[in-house]
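J.: Dropping a structure here in C-alpha coordinates format, bear with me for questions.
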Amino acid sequence: MKRALLFCLAMAFLSLSGTSLADLPRNMPVPGGVKVIDLPDEGNGRPELRYRDRDVLVIPREGGYRALLGIPLSTSPGEQSYRLRRDGGGWETRHFQVEPKEYAESRITIADERMVTPDEEALERIGRERPRIRRALATHSDQDDVPIRFQLPVKNRQTSAFGLQRYINDQRRNPHSGVDIAGATGTPIHAPAPGKVIETGHFYFNGKTVFLDHGQGLISMFAHMDEISVETGDTLETDDLVGKVGMTGRVTGPHLHWSVSLGNTMVNPRYFLEDESPLDVE
(Lines give C-alpha, C1' and ligand atoms only; values in the text may rest on other atoms or scores of the structure.)
Protein backbone atom coordinates (compact mmCIF):
# COMPACT_ATOMS: atom_id res chain seq x y z
CA MET A 1 0.00 0.00 0.00
CA LYS A 2 2.79 2.42 0.98
CA ARG A 3 4.72 1.66 -2.24
CA ALA A 4 1.61 2.24 -4.35
CA LEU A 5 0.95 5.54 -2.57
CA LEU A 6 4.50 6.72 -3.19
CA PHE A 7 4.17 5.81 -6.88
CA CYS A 8 0.93 7.78 -7.17
CA LEU A 9 2.50 10.79 -5.46
CA ALA A 10 5.49 10.64 -7.78
CA MET A 11 3.28 10.48 -10.86
CA ALA A 12 1.20 13.37 -9.55
CA PHE A 13 4.36 15.44 -9.08
CA LEU A 14 5.50 14.69 -12.63
CA SER A 15 2.08 15.65 -13.92
CA LEU A 16 2.13 18.95 -12.05
CA SER A 17 5.65 19.77 -13.11
CA GLY A 18 4.90 18.95 -16.73
CA THR A 19 7.93 16.67 -16.93
CA SER A 20 8.22 12.92 -17.37
CA LEU A 21 10.80 10.66 -18.91
CA ALA A 22 8.62 10.47 -22.01
CA ASP A 23 8.78 14.27 -22.31
CA LEU A 24 12.56 14.45 -22.67
CA PRO A 25 14.03 16.62 -23.93
CA ARG A 26 11.92 19.34 -22.38
CA ASN A 27 10.00 21.53 -24.81
CA MET A 28 11.61 24.88 -23.98
CA PRO A 29 11.26 27.25 -26.96
CA VAL A 30 13.51 29.93 -25.47
CA PRO A 31 16.90 31.32 -26.50
CA GLY A 32 19.32 28.48 -25.78
CA GLY A 33 16.44 26.01 -25.56
CA VAL A 34 14.79 23.24 -27.57
CA LYS A 35 11.58 23.35 -29.58
CA VAL A 36 9.93 19.91 -29.65
CA ILE A 37 7.62 19.25 -32.59
CA ASP A 38 5.49 16.11 -32.78
CA LEU A 39 4.41 15.01 -36.24
CA PRO A 40 1.93 12.22 -37.13
CA ASP A 41 3.02 9.25 -39.22
CA GLU A 42 1.43 9.72 -42.64
CA GLY A 43 2.94 6.55 -44.05
CA ASN A 44 5.68 8.26 -46.02
CA GLY A 45 8.60 7.51 -43.72
CA ARG A 46 10.65 9.96 -41.69
CA PRO A 47 9.90 13.58 -42.61
CA GLU A 48 12.66 16.10 -43.31
CA LEU A 49 12.92 19.40 -41.45
CA ARG A 50 15.25 22.35 -41.96
CA TYR A 51 15.78 25.14 -39.43
CA ARG A 52 18.27 27.96 -39.97
CA ASP A 53 19.39 26.16 -43.16
CA ARG A 54 20.41 23.08 -41.17
CA ASP A 55 19.00 19.56 -40.99
CA VAL A 56 16.84 18.96 -37.93
CA LEU A 57 17.02 15.91 -35.66
CA VAL A 58 13.93 13.72 -36.28
CA ILE A 59 13.31 10.46 -34.43
CA PRO A 60 10.46 7.93 -34.43
CA ARG A 61 7.91 8.08 -31.63
CA GLU A 62 4.64 6.26 -30.97
CA GLY A 63 2.27 7.16 -33.79
CA GLY A 64 4.69 9.39 -35.63
CA TYR A 65 7.90 11.37 -35.33
CA ARG A 66 9.47 13.93 -33.02
CA ALA A 67 11.66 16.80 -34.26
CA LEU A 68 14.05 18.74 -32.03
CA LEU A 69 15.10 22.27 -32.98
CA GLY A 70 18.03 23.93 -31.21
CA ILE A 71 17.39 27.65 -30.67
CA PRO A 72 20.50 29.90 -30.53
CA LEU A 73 21.10 32.03 -27.46
CA SER A 74 21.18 35.09 -29.73
CA THR A 75 17.58 34.54 -30.91
CA SER A 76 15.13 37.33 -30.09
CA PRO A 77 11.71 36.40 -28.73
CA GLY A 78 9.03 36.19 -31.40
CA GLU A 79 8.15 34.15 -34.46
CA GLN A 80 10.56 31.65 -35.97
CA SER A 81 10.03 29.41 -38.97
CA TYR A 82 11.18 26.00 -40.15
CA ARG A 83 10.60 24.01 -43.31
CA LEU A 84 8.98 20.57 -43.52
CA ARG A 85 9.03 18.07 -46.37
CA ARG A 86 7.48 14.61 -46.57
CA ASP A 87 8.42 11.81 -48.96
CA GLY A 88 10.58 14.01 -51.17
CA GLY A 89 7.72 16.40 -51.95
CA GLY A 90 7.68 20.17 -51.78
CA TRP A 91 8.81 22.18 -48.76
CA GLU A 92 6.17 23.62 -46.43
CA THR A 93 6.97 26.56 -44.12
CA ARG A 94 5.70 26.39 -40.55
CA HIS A 95 6.06 28.76 -37.61
CA PHE A 96 6.53 28.70 -33.84
CA GLN A 97 7.06 31.26 -31.09
CA VAL A 98 10.26 31.78 -29.13
CA GLU A 99 9.50 32.88 -25.58
CA PRO A 100 11.69 35.36 -23.66
CA LYS A 101 14.23 34.15 -21.11
CA GLU A 102 16.61 36.24 -19.03
CA TYR A 103 20.10 35.03 -18.15
CA ALA A 104 22.24 36.38 -15.34
CA GLU A 105 25.79 37.74 -15.52
CA SER A 106 29.00 36.01 -14.48
CA ARG A 107 32.23 37.85 -13.67
CA ILE A 108 35.50 35.99 -13.20
CA THR A 109 39.16 36.95 -12.96
CA ILE A 110 41.87 35.06 -14.85
CA ALA A 111 45.43 35.62 -13.60
CA ASP A 112 47.05 34.57 -16.89
CA GLU A 113 46.40 37.57 -19.16
CA ARG A 114 47.26 35.47 -22.23
CA MET A 115 44.06 33.51 -21.59
CA VAL A 116 42.09 36.76 -21.80
CA THR A 117 43.98 38.54 -24.58
CA PRO A 118 46.01 35.93 -26.49
CA ASP A 119 49.34 36.97 -28.03
CA GLU A 120 50.19 36.46 -31.71
CA GLU A 121 51.51 32.94 -31.22
CA ALA A 122 48.41 31.92 -29.30
CA LEU A 123 46.16 33.49 -31.96
CA GLU A 124 47.85 31.38 -34.61
CA ARG A 125 47.24 28.26 -32.54
CA ILE A 126 43.60 29.23 -31.98
CA GLY A 127 43.22 29.75 -35.73
CA ARG A 128 44.50 26.23 -36.41
CA GLU A 129 42.22 24.70 -33.78
CA ARG A 130 39.01 26.51 -34.66
CA PRO A 131 38.20 24.50 -37.84
CA ARG A 132 38.51 21.21 -35.91
CA ILE A 133 36.08 22.40 -33.27
CA ARG A 134 33.62 23.78 -35.81
CA ARG A 135 33.80 20.59 -37.88
CA ALA A 136 33.05 18.43 -34.84
CA LEU A 137 30.10 20.56 -33.74
CA ALA A 138 28.69 20.60 -37.30
CA THR A 139 28.69 16.78 -37.55
CA HIS A 140 25.31 15.33 -38.62
CA SER A 141 25.32 11.52 -38.80
CA ASP A 142 22.07 10.13 -40.19
CA GLN A 143 20.55 7.50 -37.90
CA ASP A 144 17.11 6.75 -36.45
CA ASP A 145 18.30 5.59 -33.04
CA VAL A 146 19.33 8.84 -31.33
CA PRO A 147 19.42 8.95 -27.51
CA ILE A 148 17.59 11.99 -26.14
CA ARG A 149 17.72 11.09 -22.43
CA PHE A 150 21.00 11.96 -20.77
CA GLN A 151 22.52 11.38 -17.39
CA LEU A 152 24.99 13.73 -15.73
CA PRO A 153 28.57 12.99 -16.82
CA VAL A 154 29.69 14.00 -13.31
CA LYS A 155 27.07 13.79 -10.57
CA ASN A 156 27.87 16.94 -8.66
CA ARG A 157 26.62 20.48 -8.18
CA GLN A 158 26.60 23.11 -10.89
CA THR A 159 29.13 25.92 -10.47
CA SER A 160 28.23 27.95 -13.56
CA ALA A 161 24.92 27.82 -15.40
CA PHE A 162 24.22 27.76 -19.11
CA GLY A 163 23.62 31.09 -20.84
CA LEU A 164 25.35 33.39 -18.35
CA GLN A 165 26.64 36.60 -19.90
CA ARG A 166 30.32 36.34 -19.08
CA TYR A 167 32.76 39.07 -18.16
CA ILE A 168 36.38 37.95 -17.89
CA ASN A 169 38.66 40.48 -16.20
CA ASP A 170 35.80 42.98 -16.79
CA GLN A 171 35.85 42.28 -20.55
CA ARG A 172 32.60 41.10 -22.13
CA ARG A 173 32.87 37.67 -23.73
CA ASN A 174 30.44 35.23 -25.37
CA PRO A 175 27.67 33.81 -23.17
CA HIS A 176 28.43 30.58 -21.32
CA SER A 177 27.65 27.79 -23.80
CA GLY A 178 27.41 24.87 -21.35
CA VAL A 179 27.18 23.98 -17.69
CA ASP A 180 30.17 23.80 -15.37
CA ILE A 181 30.04 20.91 -12.91
CA ALA A 182 32.22 20.78 -9.81
CA GLY A 183 34.81 18.05 -9.48
CA ALA A 184 38.27 17.57 -8.08
CA THR A 185 41.08 16.84 -10.53
CA GLY A 186 40.89 13.14 -11.42
CA THR A 187 37.12 12.77 -10.91
CA PRO A 188 35.80 10.32 -13.56
CA ILE A 189 33.70 11.71 -16.43
CA HIS A 190 31.13 9.29 -17.87
CA ALA A 191 29.28 9.30 -21.19
CA PRO A 192 25.82 10.84 -20.65
CA ALA A 193 24.36 8.69 -23.47
CA PRO A 194 25.57 6.36 -26.23
CA GLY A 195 27.68 7.97 -28.94
CA LYS A 196 30.79 7.90 -31.10
CA VAL A 197 33.95 9.87 -30.34
CA ILE A 198 34.50 12.16 -33.34
CA GLU A 199 37.29 14.44 -32.07
CA THR A 200 39.72 14.81 -29.19
CA GLY A 201 42.46 17.30 -28.55
CA HIS A 202 44.18 19.80 -26.30
CA PHE A 203 42.84 23.20 -27.34
CA TYR A 204 43.96 26.65 -26.21
CA PHE A 205 40.78 27.80 -24.45
CA ASN A 206 38.98 24.45 -23.95
CA GLY A 207 42.01 22.50 -22.76
CA LYS A 208 41.78 18.72 -23.16
CA THR A 209 38.46 18.12 -24.89
CA VAL A 210 36.33 15.25 -26.23
CA PHE A 211 33.46 15.52 -28.74
CA LEU A 212 30.87 12.72 -28.62
CA ASP A 213 28.39 12.33 -31.50
CA HIS A 214 24.99 11.00 -30.37
CA GLY A 215 23.51 11.20 -33.88
CA GLN A 216 21.73 13.64 -36.22
CA GLY A 217 23.58 16.71 -35.00
CA LEU A 218 23.32 16.00 -31.26
CA ILE A 219 26.84 16.42 -29.86
CA SER A 220 28.30 16.43 -26.33
CA MET A 221 31.50 18.37 -25.67
CA PHE A 222 33.58 17.79 -22.52
CA ALA A 223 36.26 20.42 -21.83
CA HIS A 224 39.08 21.28 -19.39
CA MET A 225 39.83 17.60 -18.78
CA ASP A 226 42.93 16.33 -16.99
CA GLU A 227 42.99 13.00 -18.86
CA ILE A 228 41.29 11.74 -22.01
CA SER A 229 40.45 8.01 -21.86
CA VAL A 230 39.04 7.57 -25.38
CA GLU A 231 40.21 7.86 -28.97
CA THR A 232 38.55 9.16 -32.11
CA GLY A 233 36.37 6.41 -33.55
CA ASP A 234 35.54 4.79 -30.20
CA THR A 235 31.88 3.85 -29.65
CA LEU A 236 30.66 4.48 -26.11
CA GLU A 237 27.63 3.36 -24.14
CA THR A 238 25.98 5.30 -21.34
CA ASP A 239 28.27 5.52 -18.29
CA ASP A 240 31.44 4.50 -20.16
CA LEU A 241 34.53 6.40 -19.04
CA VAL A 242 35.34 9.46 -21.17
CA GLY A 243 38.19 10.81 -19.06
CA LYS A 244 38.88 12.73 -15.87
CA VAL A 245 38.09 16.19 -14.59
CA GLY A 246 40.92 18.71 -14.76
CA MET A 247 41.78 22.38 -15.14
CA THR A 248 43.37 22.63 -18.59
CA GLY A 249 42.72 25.63 -20.84
CA ARG A 250 41.08 28.83 -19.59
CA VAL A 251 39.89 27.99 -16.07
CA THR A 252 39.98 29.26 -12.51
CA GLY A 253 39.92 25.79 -10.97
CA PRO A 254 39.16 22.13 -11.70
CA HIS A 255 35.70 21.37 -13.11
CA LEU A 256 33.94 19.81 -16.09
CA HIS A 257 32.52 22.10 -18.76
CA TRP A 258 29.79 20.12 -20.55
CA SER A 259 28.15 21.52 -23.67
CA VAL A 260 25.38 20.03 -25.78
CA SER A 261 25.08 21.10 -29.41
CA LEU A 262 21.85 20.45 -31.33
CA GLY A 263 21.93 21.26 -35.03
CA ASN A 264 25.25 23.09 -34.56
CA THR A 265 23.61 25.22 -31.86
CA MET A 266 24.59 25.21 -28.20
CA VAL A 267 21.55 24.46 -26.02
CA ASN A 268 21.04 23.96 -22.29
CA PRO A 269 22.10 20.37 -21.40
CA ARG A 270 19.64 20.35 -18.50
CA TYR A 271 16.69 19.90 -20.86
CA PHE A 272 18.01 16.43 -21.80
CA LEU A 273 18.60 15.17 -18.27
CA GLU A 274 16.64 12.31 -16.78
CA ASP A 275 17.60 13.52 -13.30
CA GLU A 276 19.08 16.98 -12.73
CA SER A 277 18.62 16.87 -8.95
CA PRO A 278 22.38 16.92 -8.19
CA LEU A 279 22.57 20.31 -9.92
CA ASP A 280 21.57 23.50 -8.16
CA VAL A 281 18.08 24.72 -9.10
CA GLU A 282 18.24 27.48 -11.71
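Chain labels follow the order of the C-alpha coordinates: the first chain is A, the next B, and so on; residue numbering restarts at 1 in every chain, and ligands are counted from 1 in their shown order.
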Considering only C-alpha atoms, tabulate each residue of segment 149-237 of chain A that lies at most 6 Å from segment 90-114 of chain A along with its nearest interatomic pair and the corresponding distance in Å to one decimal; arrange the rows by chain and ascending residue number and present them as a tab-separated table.
T.:
```
residue	atom	partner	partner_atom	distance
A:Gly163	CA	A:Tyr103	CA	5.9
A:Leu164	CA	A:Glu105	CA	5.2
A:Gln165	CA	A:Glu105	CA	4.6
A:Arg166	CA	A:Ser106	CA	4.8
A:Tyr167	CA	A:Arg107	CA	4.7
A:Ile168	CA	A:Ile108	CA	5.2
A:Asn169	CA	A:Thr109	CA	4.8
```
J.: Go ahead and write the residues just picked, all heavy atoms, as an mmCIF file, in the first residue's frame.
T.:
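Generated file (selection_5.cif):
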```
data_model
loop_
_atom_site.group_PDB
_atom_site.id
_atom_site.type_symbol
_atom_site.label_atom_id
_atom_site.label_comp_id
_atom_site.auth_asym_id
_atom_site.auth_seq_id
_atom_site.Cartn_x
_atom_site.Cartn_y
_atom_site.Cartn_z
ATOM 1 N N GLY A 163 24.200 29.835 -20.371
ATOM 2 C CA GLY A 163 23.624 31.090 -20.835
ATOM 3 C C GLY A 163 24.085 32.341 -20.120
ATOM 4 O O GLY A 163 23.705 33.453 -20.518
ATOM 5 N N LEU A 164 24.889 32.207 -19.070
ATOM 6 C CA LEU A 164 25.350 33.387 -18.349
ATOM 7 C C LEU A 164 26.118 34.326 -19.279
ATOM 8 O O LEU A 164 26.951 33.890 -20.067
ATOM 9 C CB LEU A 164 26.267 32.975 -17.193
ATOM 10 C CG LEU A 164 25.646 32.177 -16.045
ATOM 11 C CD1 LEU A 164 26.732 31.780 -15.048
ATOM 12 C CD2 LEU A 164 24.565 33.000 -15.343
ATOM 13 N N GLN A 165 25.834 35.625 -19.174
ATOM 14 C CA GLN A 165 26.639 36.600 -19.900
ATOM 15 C C GLN A 165 27.948 36.780 -19.148
ATOM 16 O O GLN A 165 27.959 37.237 -18.019
ATOM 17 C CB GLN A 165 25.924 37.945 -20.016
ATOM 18 C CG GLN A 165 26.746 39.008 -20.709
ATOM 19 C CD GLN A 165 27.243 38.571 -22.078
ATOM 20 O OE1 GLN A 165 26.440 38.315 -22.976
ATOM 21 N NE2 GLN A 165 28.557 38.478 -22.255
ATOM 22 N N ARG A 166 29.045 36.396 -19.778
ATOM 23 C CA ARG A 166 30.324 36.344 -19.080
ATOM 24 C C ARG A 166 31.139 37.616 -19.260
ATOM 25 O O ARG A 166 31.201 38.186 -20.354
ATOM 26 C CB ARG A 166 31.146 35.145 -19.557
ATOM 27 C CG ARG A 166 30.531 33.796 -19.246
ATOM 28 C CD ARG A 166 31.463 32.670 -19.641
ATOM 29 N NE ARG A 166 31.781 32.754 -21.066
ATOM 30 C CZ ARG A 166 32.719 32.010 -21.656
ATOM 31 N NH1 ARG A 166 33.428 31.162 -20.944
ATOM 32 N NH2 ARG A 166 32.941 32.125 -22.951
ATOM 33 N N TYR A 167 31.761 38.007 -18.156
ATOM 34 C CA TYR A 167 32.757 39.071 -18.157
ATOM 35 C C TYR A 167 34.033 38.484 -17.556
ATOM 36 O O TYR A 167 34.026 38.014 -16.417
ATOM 37 C CB TYR A 167 32.290 40.272 -17.346
ATOM 38 C CG TYR A 167 31.142 41.022 -17.988
ATOM 39 C CD1 TYR A 167 29.824 40.594 -17.821
ATOM 40 C CD2 TYR A 167 31.382 42.143 -18.769
ATOM 41 C CE1 TYR A 167 28.775 41.271 -18.414
ATOM 42 C CE2 TYR A 167 30.331 42.833 -19.365
ATOM 43 C CZ TYR A 167 29.033 42.391 -19.191
ATOM 44 O OH TYR A 167 27.998 43.065 -19.780
ATOM 45 N N ILE A 168 35.100 38.484 -18.347
ATOM 46 C CA ILE A 168 36.383 37.951 -17.887
ATOM 47 C C ILE A 168 37.351 39.102 -17.737
ATOM 48 O O ILE A 168 37.633 39.824 -18.703
ATOM 49 C CB ILE A 168 36.932 36.897 -18.867
ATOM 50 C CG1 ILE A 168 35.919 35.752 -19.030
ATOM 51 C CG2 ILE A 168 38.269 36.359 -18.385
ATOM 52 C CD1 ILE A 168 36.328 34.705 -20.042
ATOM 53 N N ASN A 169 37.819 39.316 -16.507
ATOM 54 C CA ASN A 169 38.659 40.484 -16.202
ATOM 55 C C ASN A 169 37.978 41.766 -16.684
ATOM 56 O O ASN A 169 38.596 42.649 -17.287
ATOM 57 C CB ASN A 169 40.042 40.336 -16.827
ATOM 58 C CG ASN A 169 40.839 39.199 -16.220
ATOM 59 O OD1 ASN A 169 40.314 38.398 -15.453
ATOM 60 N ND2 ASN A 169 42.116 39.112 -16.550
#
```
J.: Can you check which residues of segment 94-186 of chain A DSSP gives as alpha helix (DSSP H) on the backbone and send them as a VMD selection string?
T.: chain A and resid 120 to 137
J.: May I have all residues of segment 166-219 of chain A that DSSP, computed from the backbone, assigns to strand (DSSP E), given as an NGL selection string?
T.: :A and (166-168 or 171-172 or 179-182 or 188-190 or 195-203 or 207-215 or 218-219)
J.: Pick out the closest residue to Arg85 of chain A from this set: A:Leu73, A:Glu48, A:Arg134, A:Gly63. Count only C-alpha atoms.
T.: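 So, comparing all the options, the nearest one is A:Glu48.
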J.: Between A:Ile198, A:Leu279, A:Val230, A:Leu262, which residue has the minimum interatomic distance to Asp180 of chain A, considering only C-alpha atoms?
T.: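 Checking each of A:Ile198, A:Leu279, A:Val230, A:Leu262 against Asp180 of chain A, counting only C-alpha atoms, the winner is A:Leu279.
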J.: What is the atom CA of Lys244 of chain A-atom CA of Ser277 of chain A distance in Å, reported with one decimal?
T.: 21.8 Å
